[in-house]
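So the structure is just underneath, and the comments pick up after that.
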Amino acid sequence: MALVLRGTVVTCDSDHRILDPGAVYVGDDGRLAAVRPAGQAPPAGFSGAPVIDTGGLILPGLIDLHNHLLYNTLPLWEAVGVPYLHHDRWVGEKHPPDYSTSVTWPAKVLGQAAPEALIKYVEVKALVGGVTAIQGAPLSTRPVDGWLLRTIDNEKLPAGADMVMTAALQLDAEELREERAPKLDGTRLLIYHVAEGKPGSIVHREFDDLEPCLKPGLIGVHATALTAADFKKWQSAVTAVNAAEKATVVWSPFSNYWLYHATTDVVEADKKGLRIALGSDWSPSGTKNVLGELKVADAVNRHELGGRFTDRELCDMVTANPGDALATAWGPQVGRLERGSAADLLVLERHDPARDPYRNLIDATERHVRLVLVRGRPFYGTRALMTAAGATDTSALTVAGLSRRVAVRDPGRADATLDWPGVKRALEKVRDDPVAAWRAAQDALADWGGPLDDPDAPLALFGDMPEGDTGAFAAAGEVPLDLVIPRLDPLAPDAAYFAAVARSGVPQLQHLAGYYP
């Protein structure tokens with residue numbers, strides 16, 4: 001439905017206008033009809049639209065440009081072998097808590113035994129941090145019908161075509177050269193993990209293999225082993241194709257420090273002209289959502305980088321920058337509040353009125369998220385704002401000690417039949433007896449007998465990360481009989497999370513707890 005939101009509007013547009021007070025006009029087509037100072041007349045068709053005085057900040061919904069959603073019910077993985085040299089090392093970790101037992105098997109079982117519940121849980125975990133678009137959808141037997149978030153991997157913008165290629169695992173040089181590079185024609189994206197590891201390690205050669213793809217539309221994830229010369233080469237190759245374009249690197253500082261005790265040289269990337277976006281990676285080595293990752297970036301910026309980036313530039317890393325990167329394929333749809341943009345919105349409490357809106361966003365926690373709209377529809381927020389925005393069929397939940405409402409059920413969608421209590425019950429049922437749940441899921445797939453990509457096929461989810469050593473169990477289609485699936489990772493950081501961070505002893509991560517008084 002058409003809707004008007006009033007408050008302090010942080011547009012993140014090309015002029016970075018802040019309208020205080022301002023009004024955002026949400027059309028019933030899921031797009032913004034106008035973004036104006038509050039005193040101006042409304043656009044045509046909004047004279048009778050509901051008006052919500054939010055009393056807060058209205059921002060573009062946050063964009064998480066690097067994630068692996070299948071794994072986000074899991075807690076931090078406290079691997080004993082850190083720091084690892086590169087991404088191929090921790091996958092083979094066999095000392096308890098080993099990788100396959102801690103990460104692969106729990107995600108594998110939940111993804112096949114409770115796929116709808118898992119999707120909804122991890123989506124809500126992102127929503128409570130103000131995220132409206134996220135990369136890292138799991139592989140599946142058939143397309144998921146009923147996403148809450150805008151899933152970048154599967155989103156068909158602007159004209160019903162899938163213009164986004166992704167690869168979390170390395171592709172061989174021939175495939176990159178012969179299949180992926182020709183598709184980077186200025187209308188498509190390739191989101192690709194590259195050179196994840198310490199500088200000087202063997203994974204640097206992945207950047208050499210990627211050379212044919214150094215074009216507009218390549219979004220490189222991690223790039224922790226790259227040097228200043230590499231960033232210069234990358235940006236130069238992009239501008240050689242289009243002088244107005246920027247290369248994009250996705251920075252995940254928490255995960256980088258957690259696994260490698262080092263992170264991307266974002267200062268050199270910035271000096272060479274690259275666009276920087278943030279990604280929260282996954283819960284075994286990352287933050288709860290990109291709102292948390294923003295705090296890690298801020299702490300690293302202040303304590304390690306000499307304040308290289310302004311507050312506004314940091315906030316752009318979760319709004320305008322990823323939106324501009326996606327615009328290669330989608331056009332200007334997300335990340336900026338402008339007429340015609342997607343109505344993906346975050347309403348945030350201005351919890352520190354003495355500070356500017358950007359510092360309020362950086363310092364905000366899940367307690368300050370008051371309303372989240374995706375495609376113009378309210379999915380999460382306070383009871384009052386959800387009701388005012390027209391939300392129906394919502395469930396109560398508690399986030400960081402505060403009562404909120406969430407809309408996860410959509411009776412018209414095959415994979416959105418559960419309410420929030422049902423989501424948790426389904427996941428806990430699998431946790432109670434993972435072996436029985438796994439066998440039941442395998443039986444359902446075997447009984448189906450038809451094509452697994454058929455719209456009526458049983459839904460099953462599969463990881464996009466390496467499995468590590470799953471041994472004879474995987475070969476036999478079984479799971480370890482003693483498998484224990486950890487408790488569901490809480491939606492917001494809690495004492496257990498910060499205790500794990502403290503035990504890690506990684507200096508760059510010890511500042512995070514200070515953002516959560």
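How things are named: the first chain in the structure tokens is A, the next is B, and so on; residues count from 1 in each chain; ligands count from 1 in the order shown.
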
As a CSV table (one decimal) with C-alpha atoms, in the first residue's frame, please: the residues near A:Glu175 (cut-off 12 Å, only C-alpha atoms, same-chain neighbours under 4 positions excluded).
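Heads up, here's the output in result12.csv:
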```
chain,number,residue,atom,x,y,z
A,167,ALA,CA,31.2,-18.1,-6.7
A,170,GLN,CA,37.5,-20.8,-6.7
A,171,LEU,CA,36.9,-21.5,-10.4
A,179,GLU,CA,32.8,-18.4,-19.5
A,180,ARG,CA,32.7,-15.7,-16.9
A,181,ALA,CA,34.7,-12.9,-18.4
A,182,PRO,CA,32.7,-12.7,-21.7
A,183,LYS,CA,29.5,-12.2,-19.6
A,209,ASP,CA,43.7,-16.2,-12.7
A,210,LEU,CA,41.0,-13.6,-12.3
A,212,PRO,CA,40.4,-11.6,-17.6
A,213,CYS,CA,37.5,-10.6,-15.3
```

message: Can you tell me, as a list in words, which residues in stretch 168-234 of chain A count as helix (DSSP H, G or I) by DSSP?
response: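 So, restricting stretch 168-234 of chain A to helix (DSSP H, G or I), we get Ala173, Glu174, Glu175, Leu176, Arg177, Glu178, Glu179, Arg180, Ala181, Pro182, Lys183, Ile202, Val203, His204, Arg205, Glu206, Phe207, Asp208, Asp209, Glu211, Pro212, Cys213, Ala228, Ala229, Asp230, Phe231, Lys232, Lys233 and Trp234 of chain A.
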
Got time to write the residues from that selection, C-alpha atoms, as a PDB file, in the first residue's frame?
```
ATOM      1  CA  ALA A 173      41.427 -20.113 -14.924  1.00  0.00           C
ATOM      2  CA  GLU A 174      39.874 -21.493 -18.098  1.00  0.00           C
ATOM      3  CA  GLU A 175      36.317 -21.135 -16.809  1.00  0.00           C
ATOM      4  CA  LEU A 176      37.009 -17.589 -15.643  1.00  0.00           C
ATOM      5  CA  ARG A 177      38.525 -16.682 -19.003  1.00  0.00           C
ATOM      6  CA  GLU A 178      36.139 -18.525 -21.328  1.00  0.00           C
ATOM      7  CA  GLU A 179      32.802 -18.445 -19.493  1.00  0.00           C
ATOM      8  CA  ARG A 180      32.661 -15.697 -16.878  1.00  0.00           C
ATOM      9  CA  ALA A 181      34.731 -12.890 -18.414  1.00  0.00           C
ATOM     10  CA  PRO A 182      32.698 -12.654 -21.651  1.00  0.00           C
ATOM     11  CA  LYS A 183      29.522 -12.190 -19.614  1.00  0.00           C
ATOM     12  CA  ILE A 202      49.696 -18.921  -2.349  1.00  0.00           C
ATOM     13  CA  VAL A 203      46.128 -17.648  -2.726  1.00  0.00           C
ATOM     14  CA  HIS A 204      47.480 -14.523  -4.404  1.00  0.00           C
ATOM     15  CA  ARG A 205      47.578 -16.549  -7.611  1.00  0.00           C
ATOM     16  CA  GLU A 206      43.773 -16.492  -7.608  1.00  0.00           C
ATOM     17  CA  PHE A 207      44.048 -12.816  -8.534  1.00  0.00           C
ATOM     18  CA  ASP A 208      46.274 -13.731 -11.466  1.00  0.00           C
ATOM     19  CA  ASP A 209      43.657 -16.247 -12.661  1.00  0.00           C
ATOM     20  CA  GLU A 211      42.748 -11.098 -14.660  1.00  0.00           C
ATOM     21  CA  PRO A 212      40.363 -11.610 -17.643  1.00  0.00           C
ATOM     22  CA  CYS A 213      37.485 -10.643 -15.319  1.00  0.00           C
ATOM     23  CA  ALA A 228      48.761  -1.796  -3.507  1.00  0.00           C
ATOM     24  CA  ALA A 229      50.040  -2.757  -6.949  1.00  0.00           C
ATOM     25  CA  ASP A 230      47.238  -5.281  -7.327  1.00  0.00           C
ATOM     26  CA  PHE A 231      44.569  -2.738  -6.454  1.00  0.00           C
ATOM     27  CA  LYS A 232      46.100  -0.296  -8.931  1.00  0.00           C
ATOM     28  CA  LYS A 233      46.076  -2.947 -11.656  1.00  0.00           C
ATOM     29  CA  TRP A 234      42.454  -3.851 -10.877  1.00  0.00           C
TER      30      TRP A 234
END
```

task: Can you work out which one of A:Gly505, A:Pro83, A:Gly61, A:Pro75 has the shortest atom-to-atom distance to A:Lys288, counting only C-alpha atoms?
output: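 Residue with the minimum atom-to-atom distance to A:Lys288: A:Pro75.
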
field: Nearest-residue call for A:Leu488, choices A:Pro106, A:Gly220, A:Pro43, A:Pro451, using only C-alpha atoms
entry: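 Of the candidates, the smallest distance to A:Leu488 is held by A:Pro106.
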
Name the residues in contact with A:Arg188 at a cut-off of 10 Å, using only C-alpha atoms, excluding same-chain residues fewer than 4 positions from it; report them as a PDB file with N, CA and C atoms, in the first residue's frame.
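part.pdb written:
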```pdb
ATOM      1  N   ASP A 162      18.086 -12.797 -14.338  1.00  0.00           N
ATOM      2  CA  ASP A 162      19.101 -12.955 -13.305  1.00  0.00           C
ATOM      3  C   ASP A 162      20.427 -12.477 -13.874  1.00  0.00           C
ATOM      4  N   MET A 163      20.898 -11.346 -13.374  1.00  0.00           N
ATOM      5  CA  MET A 163      22.097 -10.714 -13.916  1.00  0.00           C
ATOM      6  C   MET A 163      23.294 -10.839 -12.984  1.00  0.00           C
ATOM      7  N   VAL A 164      23.188 -11.677 -11.947  1.00  0.00           N
ATOM      8  CA  VAL A 164      24.238 -11.769 -10.937  1.00  0.00           C
ATOM      9  C   VAL A 164      24.821 -13.176 -10.914  1.00  0.00           C
ATOM     10  N   MET A 165      26.107 -13.287 -11.193  1.00  0.00           N
ATOM     11  CA  MET A 165      26.833 -14.543 -11.048  1.00  0.00           C
ATOM     12  C   MET A 165      27.587 -14.512  -9.718  1.00  0.00           C
ATOM     13  N   ARG A 180      33.114 -16.816 -17.711  1.00  0.00           N
ATOM     14  CA  ARG A 180      32.661 -15.697 -16.878  1.00  0.00           C
ATOM     15  C   ARG A 180      33.034 -14.340 -17.474  1.00  0.00           C
ATOM     16  N   LYS A 183      30.832 -12.638 -20.090  1.00  0.00           N
ATOM     17  CA  LYS A 183      29.522 -12.190 -19.614  1.00  0.00           C
ATOM     18  C   LYS A 183      29.591 -10.853 -18.877  1.00  0.00           C
ATOM     19  N   LEU A 184      30.772 -10.436 -18.496  1.00  0.00           N
ATOM     20  CA  LEU A 184      30.922  -9.136 -17.836  1.00  0.00           C
ATOM     21  C   LEU A 184      30.961  -8.046 -18.912  1.00  0.00           C
ATOM     22  N   PRO A 216      34.293  -3.798 -15.280  1.00  0.00           N
ATOM     23  CA  PRO A 216      33.119  -3.343 -14.533  1.00  0.00           C
ATOM     24  C   PRO A 216      32.172  -4.514 -14.296  1.00  0.00           C
ATOM     25  N   GLY A 217      31.674  -4.608 -13.085  1.00  0.00           N
ATOM     26  CA  GLY A 217      30.775  -5.704 -12.732  1.00  0.00           C
ATOM     27  C   GLY A 217      31.412  -6.760 -11.857  1.00  0.00           C
ATOM     28  N   LEU A 218      32.737  -6.796 -11.784  1.00  0.00           N
ATOM     29  CA  LEU A 218      33.391  -7.725 -10.860  1.00  0.00           C
ATOM     30  C   LEU A 218      33.358  -7.142  -9.455  1.00  0.00           C
ATOM     31  N   LEU A 326      25.967  -2.765  -7.318  1.00  0.00           N
ATOM     32  CA  LEU A 326      24.878  -3.569  -7.884  1.00  0.00           C
ATOM     33  C   LEU A 326      24.222  -2.888  -9.071  1.00  0.00           C
ATOM     34  N   ALA A 327      24.354  -1.564  -9.164  1.00  0.00           N
ATOM     35  CA  ALA A 327      23.717  -0.814 -10.244  1.00  0.00           C
ATOM     36  C   ALA A 327      24.248  -1.194 -11.617  1.00  0.00           C
ATOM     37  N   THR A 328      25.440  -1.789 -11.688  1.00  0.00           N
ATOM     38  CA  THR A 328      25.953  -2.255 -12.976  1.00  0.00           C
ATOM     39  C   THR A 328      24.961  -3.200 -13.631  1.00  0.00           C
ATOM     40  N   ALA A 329      24.340  -4.052 -12.827  1.00  0.00           N
ATOM     41  CA  ALA A 329      23.360  -5.005 -13.349  1.00  0.00           C
ATOM     42  C   ALA A 329      21.921  -4.538 -13.156  1.00  0.00           C
ATOM     43  N   TRP A 330      21.649  -3.896 -12.032  1.00  0.00           N
ATOM     44  CA  TRP A 330      20.275  -3.581 -11.667  1.00  0.00           C
ATOM     45  C   TRP A 330      19.827  -2.180 -12.047  1.00  0.00           C
TER      46      TRP A 330
END
```

- prompt: If we count only C-alpha atoms, what is near stretch 365-374 of chain A at a cut-off of 9 Å, once residues fewer than 2 positions away on the same chain are taken out, given as a ChimeraX atom specification?
  reply: /A:30,54,56,61,127-133,148-150,291-292,342-351,361-363,376-382,385-386,399-402,404,491-493,515-516

Go ahead and write the selection's residues with C-alpha atoms as a tab-separated table (two decimals), in the first residue's frame.
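The file below, result-v2.tsv, is the result:
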```tsv
chain	number	residue	atom	x	y	z
A	30	GLY	CA	7.33	-1.04	-3.91
A	54	THR	CA	8.63	7.95	12.85
A	56	GLY	CA	13.67	8.78	13.96
A	61	GLY	CA	18.01	-0.42	4.08
A	127	LEU	CA	16.40	-7.97	9.48
A	128	VAL	CA	16.89	-7.11	13.15
A	129	GLY	CA	20.11	-5.36	12.08
A	130	GLY	CA	18.33	-3.27	9.45
A	131	VAL	CA	19.44	-5.38	6.47
A	132	THR	CA	17.14	-5.39	3.45
A	133	ALA	CA	19.41	-6.92	0.77
A	148	LEU	CA	11.72	-11.85	3.06
A	149	LEU	CA	14.95	-10.10	2.12
A	150	ARG	CA	16.09	-9.04	-1.31
A	291	LEU	CA	25.19	-3.42	11.37
A	292	GLY	CA	27.67	-5.21	13.63
A	342	ALA	CA	13.37	0.44	-4.40
A	343	ALA	CA	11.46	1.08	-1.19
A	344	ASP	CA	13.94	-0.78	1.01
A	345	LEU	CA	13.99	1.31	4.17
A	346	LEU	CA	15.40	1.35	7.68
A	347	VAL	CA	13.91	3.48	10.43
A	348	LEU	CA	16.38	3.94	13.25
A	349	GLU	CA	16.01	5.59	16.62
A	350	ARG	CA	18.18	8.72	16.82
A	351	HIS	CA	19.60	7.50	20.09
A	361	LEU	CA	24.02	4.61	12.48
A	362	ILE	CA	27.52	3.41	13.33
A	363	ASP	CA	26.77	3.31	17.05
A	376	GLY	CA	7.69	-1.26	0.48
A	377	ARG	CA	6.37	-3.98	2.81
A	378	PRO	CA	6.92	-3.90	6.58
A	379	PHE	CA	8.67	-7.03	7.83
A	380	TYR	CA	10.13	-6.06	11.20
A	381	GLY	CA	9.79	-3.35	13.81
A	382	THR	CA	8.04	-2.08	16.88
A	385	LEU	CA	5.23	1.20	13.59
A	386	MET	CA	4.45	-2.22	12.13
A	399	VAL	CA	15.49	-8.82	20.44
A	400	ALA	CA	18.17	-7.52	22.79
A	401	GLY	CA	15.59	-7.43	25.57
A	402	LEU	CA	13.02	-5.42	23.60
A	404	ARG	CA	9.36	-6.44	18.41
A	491	LEU	CA	19.65	-12.79	16.92
A	492	ALA	CA	21.77	-10.14	18.65
A	493	PRO	CA	25.17	-10.27	20.34
A	515	TYR	CA	29.46	-0.57	21.17
A	516	TYR	CA	26.91	-2.68	23.09
```

Please run DSSP on the backbone and report, as an mmCIF file with C-alpha atoms, in the first residue's frame, all residues within stretch 77-276 of chain A that come out as strand (DSSP E or B).
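Dumped everything to result-v5.cif:
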```cif
data_model
loop_
_atom_site.group_PDB
_atom_site.id
_atom_site.type_symbol
_atom_site.label_atom_id
_atom_site.label_comp_id
_atom_site.auth_asym_id
_atom_site.auth_seq_id
_atom_site.Cartn_x
_atom_site.Cartn_y
_atom_site.Cartn_z
ATOM 1 C CA HIS A 86 44.716 -18.931 3.817
ATOM 2 C CA VAL A 131 19.439 -5.378 6.474
ATOM 3 C CA THR A 132 17.141 -5.390 3.447
ATOM 4 C CA ALA A 133 19.410 -6.924 0.769
ATOM 5 C CA ILE A 134 21.917 -9.710 1.265
ATOM 6 C CA LEU A 139 22.000 -23.578 -3.237
ATOM 7 C CA SER A 140 18.665 -25.364 -3.372
ATOM 8 C CA ARG A 150 16.095 -9.043 -1.307
ATOM 9 C CA THR A 151 18.545 -11.883 -2.011
ATOM 10 C CA VAL A 164 24.238 -11.769 -10.937
ATOM 11 C CA MET A 165 26.833 -14.543 -11.048
ATOM 12 C CA THR A 166 28.397 -15.710 -7.771
ATOM 13 C CA ALA A 167 31.170 -18.067 -6.736
ATOM 14 C CA LEU A 189 27.878 -8.909 -12.050
ATOM 15 C CA LEU A 190 30.305 -11.520 -10.803
ATOM 16 C CA ILE A 191 30.618 -11.665 -7.011
ATOM 17 C CA TYR A 192 33.754 -13.700 -6.463
ATOM 18 C CA HIS A 193 35.900 -14.722 -3.484
ATOM 19 C CA VAL A 194 39.510 -13.952 -4.325
ATOM 20 C CA GLY A 197 44.471 -15.265 3.162
ATOM 21 C CA LEU A 218 33.391 -7.725 -10.860
ATOM 22 C CA ILE A 219 32.860 -7.554 -7.103
ATOM 23 C CA GLY A 220 35.834 -9.097 -5.326
ATOM 24 C CA VAL A 221 35.257 -10.528 -1.853
ATOM 25 C CA HIS A 222 38.053 -10.438 0.768
ATOM 26 C CA THR A 248 34.503 -2.992 -5.903
ATOM 27 C CA VAL A 249 36.072 -4.897 -3.021
ATOM 28 C CA VAL A 250 33.985 -6.325 -0.169
ATOM 29 C CA TRP A 251 35.595 -5.958 3.244
ATOM 30 C CA ARG A 275 34.766 1.273 -4.054
ATOM 31 C CA ILE A 276 34.583 -0.465 -0.657
#
```

When you look at stretch 335-338 of chain A with a cut-off of 6 Å (counting only C-alpha atoms), what residues show up, excluding the ones that are within fewer than 3 positions of it in the same chain? I need them as a CSV table (one decimal) with N, CA and C atoms, in the first residue's frame.
```csv
chain,number,residue,atom,x,y,z
A,11,THR,N,19.5,10.5,2.9
A,11,THR,CA,19.2,10.0,1.6
A,11,THR,C,20.3,9.1,1.1
A,12,CYS,N,21.6,9.4,1.4
A,12,CYS,CA,22.8,8.7,0.8
A,12,CYS,C,22.8,8.9,-0.7
A,13,ASP,N,22.1,9.9,-1.2
A,13,ASP,CA,22.1,10.2,-2.6
A,13,ASP,C,23.4,10.8,-3.0
A,60,PRO,N,18.4,4.3,3.8
A,60,PRO,CA,18.2,3.2,2.9
A,60,PRO,C,18.5,1.9,3.7
A,319,THR,N,25.5,1.1,2.3
A,319,THR,CA,24.3,1.7,1.6
A,319,THR,C,24.7,2.1,0.2
A,320,ALA,N,25.2,3.3,0.0
A,320,ALA,CA,25.4,3.8,-1.4
A,320,ALA,C,26.5,2.9,-2.1
A,323,GLY,N,25.1,-0.4,-3.2
A,323,GLY,CA,24.1,-0.1,-4.2
A,323,GLY,C,24.6,0.3,-5.5
A,341,SER,N,13.7,4.7,-6.7
A,341,SER,CA,14.5,3.6,-6.1
A,341,SER,C,13.6,2.6,-5.4
```

query: A:Arg6, A:Arg308, A:Arg339, A:Lys125: which is nearest A:Pro50, counting only C-alpha atoms?
result: A:Arg6
